[in-house]
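Please read the structure below before turning to the comments.
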There are 2 protein chains.
Amino acid sequence: MKHYQALEKIFCRLHNLEHLGSITGWDEASKMPEGGGDARAKALTELSLIEHEIITNPDLGGHFKGATQEIEKTGTNWQKANLLEMKRYWKDATCLNKDLVERKSLATIKCGQIWRELRAKNDWDQFLPYQKEVIEISKEESQVRAKMTGLSPYDSLLDMYEPGLHSIQCDGIFDELKSILPDLIKRIQSKQKEANYLTPKGPFPTQKQKELGMILMKKTGFDFQHGRLDESHHPFCGGVPDDVRITSRYDENDLSEGLMGVLHETGHAKYEQSLPKEWRSQPVGKARGMAFHEGQSLLMEMQICRSRSFLNFATPFMADIFGKDSTSKELTPENLYKGYTKVTPDFIRVNADEVTYPLHVILRYEIEKEIIEGALETKDLPKIWDEKMIQYFGLSTKGNDKDGCMQDGHWPGGAFGYFPSYTIGALIAAQLFKTLNKDLPEAMDHIASGNFSEIDQWLREKVWSKGCLLSGDELLKQATGESLNSKYFIDHLKNRYLL
Amino acid sequence: MKHYQALEKIFCRLHNLEHLGSITGWDEASKMPEGGGDARAKALTELSLIEHEIITNPDLGGHFKGATQEIEKTGTNWQKANLLEMKRYWKDATCLNKDLVERKSLATIKCGQIWRELRAKNDWDQFLPYQKEVIEISKEESQVRAKMTGLSPYDSLLDMYEPGLHSIQCDGIFDELKSILPDLIKRIQSKQKEANYLTPKGPFPTQKQKELGMILMKKTGFDFQHGRLDESHHPFCGGVPDDVRITSRYDENDLSEGLMGVLHETGHAKYEQSLPKEWRSQPVGKARGMAFHEGQSLLMEMQICRSRSFLNFATPFMADIFGKDSTSKELTPENLYKGYTKVTPDFIRVNADEVTYPLHVILRYEIEKEIIEGALETKDLPKIWDEKMIQYFGLSTKGNDKDGCMQDGHWPGGAFGYFPSYTIGALIAAQLFKTLNKDLPEAMDHIASGNFSEIDQWLREKVWSKGCLLSGDELLKQATGESLNSKYFIDHLKNRYLL
């Protein structure tokens with residue numbers, strides 16, 4: 001097993017180096033003063049180059065050949081899966097040359113930094129050249145990856161975030177949702193008109209919102225011995241499984257955005273924190289893919305935390321923290337439920353309700369596919385965004401690019417092919433949660449009483465403990481008895497919003 | 001110049017990698033949850049190994065040979081100095097083998113983490129094996145370095161922190177201070193008995209102390225576009241020149257510890273932030289050494305911030321922040337001056353006044369020299385610490401190791417040879433400040449009116465802009481007209497405390 005063992009050592013090194021990138025990446029987005037940006041971009045790029053050097057070392061070819069034979073003969077299933085994942089990383093990395101790795105890293109980090117500044121100023125014109133450079137590099141990358149994978153350029157990017165996910169599957173699912181959602185949204189909106197939701201009146205001081213977030217993180221199983229909560233421009237989950245860094249952002253007049261951000265990221269965090277401890281230095285020990293990751297965050301945020309049961313449990317903490325009279329009409333579980341399930345076509349994806357959310361994703365999917373395929377130029381992004389917003393939401397973003405094509409950090413960061421993970425994740429969440437409730441009929445009661453141990457136990461057994469032992473499809477099949485099926489998500493929407 | 005240029009590229013890489021270590025090191029001490037410690041130790045160790053691999057690449061030997069010839073012929077002074085510094089780094093790094101680098105990194109990071117936990121519990125017995133391992137490794141390192149440098153083992157460590165500083169110089173200075181200070185302290189104490197200092201009454205909420213710290217950082221020239229203030233177990237200055245991370249710690253009943261920590265670290269930070277921007281990726285662009293660094297922090301904390309002039313300027317901000325009546329007797333410049341110059345033999349070095357401080361350093365210097373020379377065993381540290389505390393301060397630390405030999409992070413972190421920098425730094429600070437006041441007779445008036453631009457201009461011209469262009473001795477000579485002379489420090493103490 002000397003070849004296989006040599007590979008384990010190399011991937012352990014890479015794992016340690018990734019740790020430095022994750023923590024300094026988190027720092028870049030949540031702590032770093034603006035003036036530190038250039039030096040940080042150079043440092044992170046150097047790290048990418050070192051990682052690239054290690055993984056493209058010509059010795060690896062021989063090791064993979066040898067290890068494949070070794071594992072075929074006497075390997076365990078775990079080693080087989082690990083070798084498979086190692087090969088995937090290796091191919092993903094070796095198809096890019098050093099020059100492209102360097103250009104991509106510098107351009108995406110710089111563009112991400114500039115984006116934070118120019119989005120706030122709604123300044124598309126100044127932003128355009130930075131975004132254009134990143135798009136050109138992403139197109140170049142997609143061509144290289146396409147040649148290596150035999151997939152289309154866009155699919156070769158999709159495959160990076162959720163291995164095995166291709167646009168033919170996305171197209172099918174998204175077409176179905178496009179045919180159902182507009183009508184569903186109208187019906188829900190007309191039903192909700194009568195609901196008399198009372199907006200909780202702020203201000204809700206940021207510090208208190210954070211306190212509330214931390215209390216609910218703790219109650220829902222986030223391990224503060226291995227992670228922390230901070231603030232950033234956009235909520236995200238970063239860090240490493242032994243030290244997960246989640247962030248949110250707060251609006252003092254709104255009780256939803258900050259808290260739901262925290263709970264969404266807590267879903268990601270629990271997945272990371274629950275990956276098998278002993279596997280963590282190896283590729284097989286990582287999370288299955290970004291759609292599965294979003295599946296965990298959306299199971300937490302949408303399925304659990306926006307339920308009546310959870311709000312029954314959580315409302316007293318809110319009343320406690322904000323010192324509101326607990327009999328006030330605004331901070332009751334039922335009123336908050338109305339708020340957290342209110343369906344309103346709006347501009348911002350991350351603040352969207354779960355019914356309109358897929359349309360935000362579909363809009364981005366359609367645009368980014370055209371961009372990568374070369375059918376759309378960067379300069380035309382504001383125009384097509386505006387057109388599609390009118391088409392899907394009846395809202396125009398003309399002159400309002402900060403709430404239009406500049407609203408997300410993904411494209412500045414070069415993460416083309418990521419967006420579909422959100423909606424595939426929403427489907428995975430609904431399918432998992434359906435099965436969970438079947439296996440654990442008292443799950444909603446547990447949630448209402450703030451007892452998450454059995455729910456976590458189910459998720460740990462079915463998903464979190466598996467790392468990358470199985471393909472995404474196999475993982476879902478073993479957990480739920482079938483491949484991805486949009487039925488569960490659509491049923492969930494109908495049940496929650498129309499019954 | 002191809003060899004020299006190849007070296008510049010390699011050192012630029014190392015500079016970028018150091019950035020990652022500095023930021024994750026800051027994070028480790030100020031943000032990381034306890035459970036992240038093991039993974040962080042592995043990641044930082046991997047980084048050390050990568051840096052070691054790069055700098056011990058056999059190609060460098062040829063490059064140094066070639067570059068020496070190139071620079072001799074046509075090199076500028078800047079390139080000459082840079083090459084000299086590169087060689088120093090190279091020799092410092094290549095004399096250690098990979099195994100020692102790895103063992104040292106893992107042991108010191110682990111011991112530092114355990115120290116934070118066990119110091120709080122005053123648990124020397126549990127701590128002993130960790131400290132012993134670090135000491136054995138430091139002894140091993142000192143032997144290797146001694147062989148390479150031709151210096152004694154302890155001097156070879158001293159030389160790492162302040163190049164050119166050897167124990168023969170320390171011995172002379174420390175003997176002089178030992179002969180003067182005990183009597184001086186007695187005279188000052190008897191003089192201060194009549195001073196009627198009124199201790200400002202807390203509580204001073206941590207959040208407000210931080211606000212005050214940030215206001216005074218800004219007023220004294222800290223650039224928040226390129227740095228930040230956080231909290232940690234022990235105050236320190238970390239990060240990189242483009243993004244300096246300083247920390248302090250706060251006691252809600254004490255207005256001195258947290259604020260003076262902030263101002264001390266601000267002195268370090270201003271040196272880092274003012275190093276020449278274009279030189280930063282090269283060794284010649286770094287700070288001169290740790291004694292010079294402490295010279296900057298002590299010039300700030302002791303010479304400037306504990307002066308009547310500064311307290312005249314700063315007191316109104318304190319009254320403002322803490323909402324005290326500005327005519328109260330406690331928050332007056334004169335009363336605060338009495339407090340910030342109060343001389344009291346006590347247990348903790350970092351909280352010590354500037355008169356007793358050197359004795360804390362001398363105590364550590366004498367002990368660590370014996371440890372490195374093998375004349376003292378780790379297990380005997382509490383005993384010898386107690387003996388020397390009684391000898392120098394009349395205070396026993398028996399059974400109180402948290403305020404005794406466990407109080408500092410240096411030995412857990414393997415930083416033997418660092419402590420003398422503090423007192424050499426105090427001498428440098430006094431000598432620089434004396435010259436500064438000669439060159440800029442209105443300096444104290446500037447301080448009193450909160451105008452630091454001309455003082456900074458002087459320091460920038462004489463010290464900060466020089467990086468490592470000159471040796472420490474030459475830097476001091478060009479700035480002050482003479483080599484290090486303890487007279488200025490002793491005069492400063494007599495003038496401030498006995499006149």
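Naming works like this for the structure tokens: A, B, ... for the chains as they're shown, residue 1 at the start of each chain, ligands 1 onward in shown order.
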
(request) as a count of residues only, list the residues of range 111-282 of chain B assigned to alpha helix (DSSP H) by DSSP on the backbone atoms of this structure. (result) 103

(request) Provide as a VMD selection string the residues of chain B at most 6 Å from chain A, counting only C-alpha atoms. (result) chain B and resid 16 33 to 36 43 225 to 226 242 to 243

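With distances restricted to only C-alpha atoms, A:Ala29 is the closest residue to Phe236 in chain A from A:Cys111, A:Ile215, A:Ala29, A:Val144.
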
(request) May I have the residues within 9 Å of Trp279 in chain A as a PyMOL selection string, using only C-alpha atoms and disregarding those fewer than 6 positions away in the same chain? (result) chain A and resi 285-286+467

(message) as an NGL selection string, please: the residues near Asp92 in chain A (cut-off 12 Å, only C-alpha atoms, same-chain neighbours under 2 positions excluded).
(response) :A and (52 or 55-56 or 85-90 or 94-97 or 101 or 141-142 or 144-149 or 156-157 or 159-161 or 163)

(request) Show which residues sit within 10 Å of Ser465 in chain A, as a PyMOL selection string. Count only C-alpha atoms, and ignore same-chain residues fewer than 2 positions away. (result) chain A and resi 271+274-277+279+285+287+457+459-463+467-469
